[in-house]
>>> print(open('entry.txt').read())   # compact mmCIF, C-alpha atoms and all ligand atoms
# COMPACT_ATOMS: atom_id res chain seq x y z
CA MET L 1 0.00 0.00 0.00
CA SER L 2 1.45 3.41 -0.97
CA SER L 3 2.15 5.93 1.79
CA SER L 4 -0.03 8.52 0.02
CA TYR L 5 -2.88 6.00 0.14
CA GLU L 6 -2.28 5.34 3.86
CA SER L 7 -2.34 9.02 4.64
CA TRP L 8 -5.51 9.40 2.57
CA VAL L 9 -7.25 6.70 4.67
CA GLU L 10 -6.02 8.40 7.85
CA ARG L 11 -7.20 11.81 6.70
CA ARG L 12 -10.63 10.40 5.85
CA ALA L 13 -10.90 8.63 9.21
CA ASP L 14 -10.00 11.91 10.95
CA ALA L 15 -12.56 13.81 8.90
CA SER L 16 -15.21 11.25 9.87
CA SER L 17 -14.56 11.67 13.55
CA SER L 18 -14.18 15.45 13.55
CA ASP L 19 -17.90 15.86 14.32
CA SER L 20 -17.97 16.44 18.08
CA ARG L 21 -21.74 16.12 18.37
CA ILE L 22 -23.21 13.03 20.01
CA ASP L 23 -25.69 12.08 17.35
CA LEU L 24 -28.37 9.74 18.67
CA ARG L 25 -30.97 10.63 16.04
CA SER L 26 -30.48 7.41 14.07
CA ASP L 27 -28.03 4.65 13.19
CA THR L 28 -28.25 5.94 9.62
CA VAL L 29 -25.62 8.55 10.57
CA THR L 30 -22.80 5.97 10.85
CA HIS L 31 -19.72 6.48 8.70
CA PRO L 32 -17.85 3.78 6.77
CA THR L 33 -14.93 2.35 8.74
CA ALA L 34 -11.29 2.63 7.66
CA ALA L 35 -11.43 -1.06 6.60
CA MET L 36 -14.44 -0.26 4.41
CA ARG L 37 -12.71 2.71 2.79
CA GLU L 38 -9.69 0.55 2.08
CA ALA L 39 -11.83 -2.26 0.61
CA MET L 40 -13.69 0.29 -1.53
CA TYR L 41 -10.42 1.71 -2.82
CA HIS L 42 -9.23 -1.72 -3.94
CA ALA L 43 -12.61 -3.13 -5.09
CA GLU L 44 -12.68 -5.12 -8.31
CA VAL L 45 -15.62 -3.90 -10.37
CA GLY L 46 -17.56 -4.75 -13.54
CA ASP L 47 -20.95 -4.01 -15.06
CA ASP L 48 -23.43 -5.45 -12.57
CA VAL L 49 -26.35 -5.17 -14.98
CA TYR L 50 -24.45 -7.79 -17.06
CA GLY L 51 -23.88 -9.72 -13.80
CA GLU L 52 -20.15 -9.01 -14.18
CA ASP L 53 -19.26 -7.13 -11.00
CA PRO L 54 -17.23 -9.70 -9.02
CA THR L 55 -17.51 -7.79 -5.74
CA ILE L 56 -21.31 -7.51 -5.95
CA ASN L 57 -21.50 -11.20 -6.86
CA ARG L 58 -19.42 -12.03 -3.78
CA LEU L 59 -21.57 -9.84 -1.56
CA GLU L 60 -24.80 -11.38 -2.86
CA THR L 61 -23.52 -14.94 -2.32
CA LEU L 62 -22.32 -14.12 1.21
CA ALA L 63 -25.55 -12.30 2.11
CA ALA L 64 -27.75 -15.18 0.87
CA GLU L 65 -25.70 -17.67 2.90
CA MET L 66 -25.88 -15.57 6.05
CA VAL L 67 -29.67 -15.38 5.96
CA GLY L 68 -30.20 -18.96 4.76
CA LYS L 69 -31.83 -18.06 1.45
CA ALA L 70 -30.98 -19.33 -2.04
CA ALA L 71 -30.27 -15.94 -3.60
CA ALA L 72 -29.79 -12.26 -2.81
CA LEU L 73 -29.84 -8.93 -4.61
CA PHE L 74 -27.84 -5.80 -3.77
CA VAL L 75 -30.07 -2.71 -3.84
CA PRO L 76 -29.36 0.96 -3.12
CA SER L 77 -31.65 1.29 -0.10
CA GLY L 78 -33.96 -0.48 2.28
CA THR L 79 -36.89 1.35 0.77
CA MET L 80 -36.08 -0.05 -2.67
CA GLY L 81 -35.60 -3.55 -1.24
CA ASN L 82 -39.04 -3.46 0.41
CA ALA L 83 -40.65 -1.95 -2.71
CA LEU L 84 -39.18 -4.76 -4.83
CA ALA L 85 -40.53 -7.38 -2.42
CA LEU L 86 -44.02 -5.89 -2.70
CA LEU L 87 -43.78 -5.63 -6.50
CA THR L 88 -42.40 -9.13 -6.93
CA HIS L 89 -44.67 -11.07 -4.56
CA CYS L 90 -47.94 -9.37 -5.54
CA ARG L 91 -50.08 -9.00 -8.61
CA ARG L 92 -51.12 -5.44 -9.36
CA GLY L 93 -53.93 -4.42 -7.03
CA ASP L 94 -53.46 -7.25 -4.51
CA GLU L 95 -54.06 -6.11 -0.96
CA ILE L 96 -51.02 -6.10 1.33
CA ILE L 97 -51.30 -6.63 5.09
CA MET L 98 -48.87 -4.75 7.32
CA GLY L 99 -48.71 -3.33 10.83
CA ASP L 100 -50.07 0.17 11.33
CA ARG L 101 -46.76 1.34 12.82
CA SER L 102 -44.53 -0.39 10.30
CA HIS L 103 -41.92 1.47 8.26
CA THR L 104 -43.42 0.16 5.00
CA TYR L 105 -46.78 1.61 5.97
CA LEU L 106 -45.67 4.93 7.46
CA TYR L 107 -42.40 5.95 5.88
CA GLU L 108 -41.98 4.48 2.41
CA VAL L 109 -43.85 7.16 0.47
CA GLY L 110 -46.97 5.04 0.01
CA GLY L 111 -45.02 2.75 -2.33
CA ALA L 112 -47.63 -0.02 -2.17
CA ALA L 113 -50.30 2.31 -3.57
CA ARG L 114 -48.04 4.16 -5.97
CA LEU L 115 -45.97 1.32 -7.39
CA ASN L 116 -48.21 -1.75 -6.97
CA GLY L 117 -51.59 -0.02 -7.21
CA SER L 118 -52.31 -2.01 -4.06
CA PRO L 119 -54.56 -1.18 -1.15
CA VAL L 120 -52.83 -1.66 2.19
CA ARG L 121 -54.67 -3.36 5.04
CA PRO L 122 -53.07 -1.96 8.21
CA VAL L 123 -53.56 -4.11 11.30
CA PRO L 124 -52.81 -2.91 14.85
CA THR L 125 -49.15 -3.20 15.81
CA LEU L 126 -48.71 -4.64 19.30
CA ALA L 127 -46.37 -2.89 21.74
CA ASN L 128 -43.72 -5.57 21.17
CA GLY L 129 -43.70 -5.00 17.40
CA ALA L 130 -45.66 -8.18 16.62
CA LEU L 131 -49.12 -8.50 15.08
CA SER L 132 -51.97 -10.40 16.66
CA PRO L 133 -52.90 -13.71 14.94
CA VAL L 134 -56.53 -12.82 15.70
CA HIS L 135 -56.27 -9.50 13.85
CA LEU L 136 -54.44 -11.23 11.03
CA ALA L 137 -57.02 -13.94 10.64
CA ARG L 138 -59.66 -11.22 10.18
CA ALA L 139 -57.56 -9.29 7.66
CA PHE L 140 -57.00 -11.96 5.00
CA GLN L 141 -59.30 -11.75 2.01
CA GLY L 142 -59.84 -14.33 -0.68
CA ASP L 143 -62.47 -15.44 -3.11
CA ASP L 144 -65.28 -12.95 -2.51
CA VAL L 145 -65.69 -11.10 -5.79
CA HIS L 146 -66.22 -7.82 -3.91
CA GLU L 147 -62.82 -7.92 -2.24
CA ALA L 148 -59.26 -7.24 -3.29
CA ARG L 149 -57.34 -10.51 -2.93
CA THR L 150 -54.67 -10.51 -0.23
CA GLY L 151 -51.27 -10.87 -1.86
CA LEU L 152 -48.72 -10.55 0.93
CA LEU L 153 -48.10 -10.25 4.66
CA CYS L 154 -45.28 -7.89 5.76
CA LEU L 155 -43.57 -8.09 9.15
CA GLU L 156 -40.81 -5.89 10.63
CA ASN L 157 -37.87 -7.11 12.75
CA THR L 158 -36.48 -5.33 14.70
CA HIS L 159 -39.43 -2.98 14.96
CA ASN L 160 -38.32 0.63 14.60
CA MET L 161 -41.37 2.51 15.92
CA CYS L 162 -41.84 0.04 18.75
CA GLY L 163 -38.37 0.90 20.06
CA GLY L 164 -36.24 -1.76 18.37
CA ARG L 165 -38.32 -4.63 19.74
CA VAL L 166 -37.40 -8.10 18.53
CA LEU L 167 -39.70 -10.71 17.01
CA SER L 168 -38.52 -14.21 17.99
CA SER L 169 -38.54 -17.10 15.55
CA GLY L 170 -41.53 -18.52 17.49
CA VAL L 171 -43.58 -15.36 16.90
CA LEU L 172 -42.47 -15.18 13.27
CA THR L 173 -43.41 -18.82 12.71
CA GLU L 174 -46.83 -18.32 14.28
CA LEU L 175 -47.59 -15.25 12.15
CA GLY L 176 -45.99 -16.69 9.02
CA THR L 177 -48.07 -19.84 9.36
CA GLU L 178 -51.26 -17.75 9.33
CA ALA L 179 -50.27 -16.51 5.87
CA ARG L 180 -48.69 -19.66 4.52
CA ASN L 181 -51.74 -21.77 5.48
CA ARG L 182 -53.63 -19.53 3.07
CA GLY L 183 -50.99 -19.92 0.35
CA LEU L 184 -49.69 -16.39 0.89
CA PRO L 185 -46.06 -15.24 0.97
CA VAL L 186 -44.48 -13.36 3.89
CA HIS L 187 -41.92 -10.59 3.54
CA MET L 188 -39.84 -9.34 6.46
CA ASP L 189 -38.53 -5.79 6.63
CA GLY L 190 -35.38 -6.71 8.51
CA ALA L 191 -33.62 -3.36 8.11
CA ARG L 192 -32.02 -4.24 11.48
CA LEU L 193 -32.26 -8.02 11.18
CA PHE L 194 -28.78 -8.61 12.61
CA ASN L 195 -29.65 -6.55 15.70
CA ALA L 196 -32.53 -9.00 16.25
CA ALA L 197 -30.29 -12.06 15.83
CA ILE L 198 -27.61 -10.65 18.14
CA ALA L 199 -30.16 -9.68 20.79
CA LEU L 200 -31.72 -13.15 20.73
CA GLY L 201 -28.37 -14.93 20.42
CA VAL L 202 -29.63 -17.06 17.52
CA PRO L 203 -28.29 -17.68 14.00
CA THR L 204 -29.80 -15.10 11.64
CA ALA L 205 -31.21 -17.87 9.45
CA THR L 206 -33.55 -19.01 12.24
CA LEU L 207 -35.30 -15.63 11.98
CA THR L 208 -35.59 -15.76 8.20
CA ALA L 209 -36.75 -19.39 7.88
CA PRO L 210 -40.40 -18.50 8.64
CA VAL L 211 -40.52 -15.85 5.86
CA ASP L 212 -40.24 -16.04 2.07
CA SER L 213 -38.18 -12.91 1.60
CA VAL L 214 -36.19 -10.54 3.75
CA MET L 215 -34.68 -7.12 3.25
CA PHE L 216 -31.84 -5.99 5.50
CA CYS L 217 -29.64 -2.89 5.48
CA LEU L 218 -25.86 -2.86 5.18
CA SER L 219 -25.96 0.80 6.10
CA LYS L 220 -27.39 1.79 9.52
CA GLY L 221 -25.81 -0.18 12.37
CA LEU L 222 -23.54 -2.19 10.07
CA SER L 223 -22.02 1.13 8.94
CA ALA L 224 -21.72 0.66 5.17
CA PRO L 225 -22.23 3.98 3.40
CA VAL L 226 -24.90 2.70 1.01
CA GLY L 227 -26.90 -0.41 0.34
CA SER L 228 -29.32 -3.09 1.38
CA ILE L 229 -29.98 -6.71 0.45
CA LEU L 230 -33.16 -8.44 -0.64
CA ALA L 231 -32.97 -12.22 -0.23
CA GLY L 232 -35.28 -15.10 -1.11
CA GLU L 233 -35.69 -18.05 -3.48
CA GLU L 234 -33.92 -17.92 -6.87
CA PRO L 235 -36.95 -17.26 -9.11
CA PHE L 236 -38.10 -14.52 -6.72
CA ILE L 237 -34.70 -12.81 -6.81
CA ALA L 238 -34.47 -13.20 -10.62
CA GLU L 239 -37.79 -11.36 -10.93
CA ALA L 240 -36.78 -8.76 -8.31
CA ARG L 241 -33.62 -8.12 -10.38
CA ARG L 242 -35.89 -7.14 -13.27
CA GLY L 243 -37.86 -4.90 -10.90
CA ARG L 244 -34.66 -3.28 -9.68
CA LYS L 245 -33.88 -2.32 -13.30
CA LEU L 246 -37.40 -0.91 -13.63
CA LEU L 247 -36.88 1.31 -10.58
CA GLY L 248 -33.50 2.53 -11.84
CA GLY L 249 -31.50 0.50 -9.33
CA GLY L 250 -29.15 -1.23 -11.81
CA MET L 251 -25.96 0.42 -10.60
CA ARG L 252 -23.20 -0.82 -12.97
CA GLN L 253 -19.74 -0.69 -11.26
CA ALA L 254 -21.24 -0.61 -7.78
CA GLY L 255 -18.73 -3.17 -6.49
CA ILE L 256 -17.10 -0.13 -4.98
CA LEU L 257 -20.12 0.03 -2.63
CA ALA L 258 -20.52 -3.74 -2.27
CA ALA L 259 -16.92 -3.91 -0.99
CA ALA L 260 -18.03 -1.93 2.06
CA GLY L 261 -21.05 -4.22 2.36
CA ILE L 262 -18.80 -7.27 2.61
CA ILE L 263 -16.90 -5.64 5.48
CA ALA L 264 -20.26 -4.78 7.08
CA LEU L 265 -21.23 -8.45 7.08
CA THR L 266 -17.85 -9.89 8.05
CA GLU L 267 -16.68 -7.34 10.64
CA MET L 268 -19.59 -5.32 11.94
CA VAL L 269 -22.29 -7.81 12.99
CA ASP L 270 -20.98 -9.07 16.34
CA ARG L 271 -20.20 -5.57 17.61
CA LEU L 272 -23.91 -4.65 17.45
CA ALA L 273 -24.00 -6.10 20.99
CA GLU L 274 -22.03 -3.00 22.09
CA ASP L 275 -24.78 -0.76 20.71
CA HIS L 276 -27.38 -2.74 22.63
CA GLU L 277 -25.32 -2.36 25.80
CA CYS L 278 -25.13 1.41 25.23
CA ALA L 279 -28.90 1.56 24.71
CA ARG L 280 -29.53 -0.28 27.99
CA ARG L 281 -27.10 2.05 29.78
CA LEU L 282 -28.87 5.08 28.33
CA ALA L 283 -32.28 3.69 29.33
CA ALA L 284 -31.17 2.93 32.89
CA GLY L 285 -29.73 6.44 33.26
CA LEU L 286 -32.85 8.06 31.80
CA ALA L 287 -35.02 6.20 34.30
CA ASP L 288 -33.14 8.03 37.09
CA ILE L 289 -33.86 11.51 35.68
CA PRO L 290 -36.96 13.11 37.29
CA GLY L 291 -39.67 13.88 34.74
CA ILE L 292 -38.45 11.38 32.13
CA ASP L 293 -40.86 8.63 31.19
CA ILE L 294 -39.18 5.42 30.03
CA GLN L 295 -39.58 1.68 30.45
CA PRO L 296 -35.99 0.43 30.48
CA GLU L 297 -37.08 -3.19 30.58
CA THR L 298 -38.47 -2.89 27.03
CA VAL L 299 -35.09 -1.93 25.54
CA GLU L 300 -33.92 -4.96 23.57
CA THR L 301 -31.63 -3.59 20.85
CA ASN L 302 -30.27 -0.17 19.81
CA ILE L 303 -33.45 1.94 19.68
CA LEU L 304 -35.34 3.43 22.56
CA PHE L 305 -38.15 5.89 23.00
CA PHE L 306 -38.84 8.09 25.99
CA GLY L 307 -41.23 10.85 26.89
CA VAL L 308 -41.52 13.56 29.49
CA ARG L 309 -44.09 13.85 32.23
CA GLY L 310 -45.74 17.06 33.25
CA PRO L 311 -46.37 17.91 36.93
CA ASP L 312 -49.77 16.18 36.66
CA GLY L 313 -48.02 13.00 35.52
CA ARG L 314 -49.41 13.35 32.01
CA PRO L 315 -47.22 13.31 28.85
CA GLY L 316 -45.55 16.68 28.31
CA ASP L 317 -44.08 18.43 25.25
CA VAL L 318 -40.69 16.92 24.33
CA ALA L 319 -39.62 19.74 21.97
CA PRO L 320 -37.96 21.97 24.63
CA LEU L 321 -35.88 19.06 25.93
CA VAL L 322 -34.77 18.03 22.41
CA ALA L 323 -33.82 21.65 21.68
CA ALA L 324 -31.95 22.13 24.98
CA ALA L 325 -29.94 18.92 24.44
CA ALA L 326 -29.17 19.94 20.84
CA ASP L 327 -27.81 23.26 22.13
CA GLU L 328 -25.25 21.20 24.06
CA GLY L 329 -24.39 19.01 21.06
CA VAL L 330 -26.51 15.96 21.90
CA LEU L 331 -28.98 15.15 19.14
CA PHE L 332 -32.21 13.17 19.43
CA SER L 333 -35.19 12.76 17.11
CA GLY L 334 -38.38 14.29 18.35
CA GLY L 335 -40.87 11.58 17.36
CA ASP L 336 -44.11 12.64 15.68
CA ASP L 337 -45.99 10.71 18.39
CA GLY L 338 -44.76 13.01 21.15
CA ARG L 339 -41.85 10.80 22.23
CA ILE L 340 -38.11 11.22 21.79
CA ARG L 341 -36.17 8.54 19.89
CA ALA L 342 -32.56 7.67 20.68
CA VAL L 343 -30.56 5.22 18.59
CA THR L 344 -27.12 3.91 19.56
CA HIS L 345 -24.62 2.90 16.89
CA HIS L 346 -20.99 2.44 15.87
CA GLY L 347 -19.07 5.53 16.95
CA ILE L 348 -21.06 6.08 20.17
CA SER L 349 -19.14 4.96 23.25
CA THR L 350 -20.31 4.35 26.80
CA ALA L 351 -18.47 7.58 27.80
CA GLU L 352 -20.58 9.48 25.26
CA ILE L 353 -23.75 7.87 26.63
CA ASP L 354 -22.75 9.08 30.10
CA HIS L 355 -22.10 12.56 28.72
CA ALA L 356 -25.48 12.53 26.94
CA LEU L 357 -27.14 11.55 30.24
CA ALA L 358 -25.44 14.40 32.09
CA VAL L 359 -26.62 16.84 29.39
CA LEU L 360 -30.16 15.48 29.57
CA ALA L 361 -30.25 15.69 33.35
CA ARG L 362 -29.17 19.33 33.13
CA ALA L 363 -31.50 20.11 30.23
CA SER L 364 -34.46 18.43 31.86
CA SER L 365 -34.05 20.38 35.09
CA SER L 366 -34.18 23.62 33.09
CA SER L 367 -36.64 22.72 30.31
CA LEU L 368 -39.17 20.46 32.07
CA PRO L 369 -41.92 21.86 34.28
CA SER L 370 -40.95 21.24 37.92
CA MET L 371 -42.52 18.18 39.50
C1 LIG S 401 -37.47 -0.55 9.67
C2 LIG S 401 -36.96 0.17 8.46
N1 LIG S 401 -37.23 -0.33 7.26
C3 LIG S 401 -36.79 0.26 6.14
C4 LIG S 401 -36.03 1.41 6.19
C5 LIG S 401 -35.61 2.07 4.91
O1 LIG S 401 -34.23 2.02 4.70
P1 LIG S 401 -33.52 3.11 3.75
O2 LIG S 401 -33.38 4.35 4.58
O3 LIG S 401 -32.21 2.47 3.43
O4 LIG S 401 -34.38 3.31 2.57
C6 LIG S 401 -35.73 1.98 7.44
C7 LIG S 401 -34.94 3.22 7.52
O5 LIG S 401 -34.72 3.78 8.55
C8 LIG S 401 -36.21 1.34 8.61
O6 LIG S 401 -35.97 1.83 9.83
>>> encode(input="entry.txt", output="structure tokens", more="lines below")
Ligand SMILES: Cc1ncc(COP(=O)(O)O)c(C=O)c1O
Amino acid sequence: MSSSYESWVERRADASSSDSRIDLRSDTVTHPTAAMREAMYHAEVGDDVYGEDPTINRLETLAAEMVGKAAALFVPSGTMGNALALLTHCRRGDEIIMGDRSHTYLYEVGGAARLNGSPVRPVPTLANGALSPVHLARAFQGDDVHEARTGLLCLENTHNMCGGRVLSSGVLTELGTEARNRGLPVHMDGARLFNAAIALGVPTATLTAPVDSVMFCLSKGLSAPVGSILAGEEPFIAEARRGRKLLGGGMRQAGILAAAGIIALTEMVDRLAEDHECARRLAAGLADIPGIDIQPETVETNILFFGVRGPDGRPGDVAPLVAAAADEGVLFSGGDDGRIRAVTHHGISTAEIDHALAVLARASSSSLPSM
């Protein structure tokens, strides 16, 4: 390796860490590691639309193996991976069942309606991120000529808006069976699938066995700069590859991105446990701050939600607390449901969690109404 290249990697790593803010808004803010930058620099590339990018081919083979599926497809984003699953599993106009707090329902630009021409049947999301088999059983539609046929069931694991809650393989099997008994496929939005597997201490493939397809992100906690994977059976992935071209996701010499994805899968999975530890530490500290409303026992992975309580014990406005913490360089997302979201990730240490707690304790004593 040339010395100018080494100093370039060092300069980039320095630039990545020059941000002194403690950014707990999302794990999407992670930067590629030095190993990723090096792998990207050296990546062998080819035209992936011809199937000739060796690095993408390696990533897709590795990803399929890791989630126990026959084939995988590299896509630019989680949103595109989920959209392709919907497009590939369903006929145009088929109804799609998903949780009413799922990312596919709330935050993917109404893709089911816009791309599939499909009605969505939202069912209540339980506090633990699962769906109720009773609600599901009522939601499936079939032969009645008045009804749109159900085409797909979507599940989410870990569940973002439920605070990173994990669906176990038992729950997934129970829900998947409801669909499969009716001849319907199941897709899992596993943007943070590896967080679920690490939290449960099970091989990732045990969480994907009950579903027909899974999307997971190489970005977010795994820290790749770009990219997600859609995995499933070979004919499904062959058809999704066509859909990816339709959506403009055929990326040519994108091995330069896939190289970072390979590092994400080989070097960044096990360390997710550190993020979970940081989240638990944050939750425990928050529980000790007067006026903060949190249930630390529900924190299972790297996402947690908390609120503030007014003097009457009722939920208060979180905006002043988010603003006061931001003034001191600690960033949170103010959720649209009146709660604050914190997400731990690569680059956030336990010392930074402790600093964030000290800032919050100070900010809450000045910005929250006194108890
Ligand atoms: C649960 C879940 N699914 C899908 C996505 C979409 O991923 P992307 O931002 O890569 O499109 C996200 C993004 O935050 C997510 O949290």
>>> closest_residue(input="entry.txt", among="L:Val359, L:Leu152, L:Ala196, L:Ala139", to="ligand LIG 401 (chain S)", atoms="all atoms listed in the file")
L:Ala196
>>> residues_near_ligand(input="entry.txt", ligand="ligand LIG 401 (chain S)", cutoff="9 Å", atoms="all atoms listed in the file", output="PyMOL selection string")
chain L and resi 26-28+76-82+102-104+107-108+156-161+164+189-192+215-220+226-228
>>> closest_residue(input="entry.txt", among="L:Arg281, L:Asp312, L:Gly250, L:Arg92", to="Val49 of chain L", atoms="only C-alpha atoms")
L:Gly250
>>> residues_around(input="entry.txt", residues="segment 331-334 of chain L", least_positions_apart="5", cutoff="8 Å", atoms="all atoms listed in the file", output="ChimeraX atom specification")
/L:21-26,318-319,322,325-326,339-342
>>> axis_aligned_box(input="entry.txt", around="segment 215-232 of chain L", padding_each_side="6 Å", output="AutoDock Vina command-line options")
--center_x -28.5 --center_y -5.6 --center_z 5.6 --size_x 25.6 --size_y 31.1 --size_z 25.5
>>> atom_distance(input="entry.txt", atom1="atom CA of Gly221 of chain L", atom2="atom CA of Thr30 of chain L")
7.0 Å
>>> closest_residue(input="entry.txt", among="L:Tyr105, L:Phe194, L:Phe74, L:Tyr50", to="Ala273 of chain L", atoms="all atoms listed in the file")
L:Phe194
>>> closest_residue(input="entry.txt", among="L:Ala240, L:Ala264, L:Ile198, L:Leu59", to="Cys90 of chain L", atoms="only C-alpha atoms")
L:Ala240
>>> atom_distance(input="entry.txt", atom1="atom CA of Ala356 of chain L", atom2="atom CA of Val330 of chain L")
6.2 Å
>>> closest_residue(input="entry.txt", among="L:Ala209, L:Leu247, L:Val214, L:Val269", to="Gly111 of chain L", atoms="only C-alpha atoms")
L:Leu247
>>> atom_distance(input="entry.txt", atom1="atom CA of Val109 of chain L", atom2="atom CA of Gly151 of chain L")
19.6 Å
>>> closest_residue(input="entry.txt", among="L:Gly142, L:Gly129, L:Gly261, L:Pro235", to="Glu300 of chain L", atoms="all atoms listed in the file")
L:Gly129
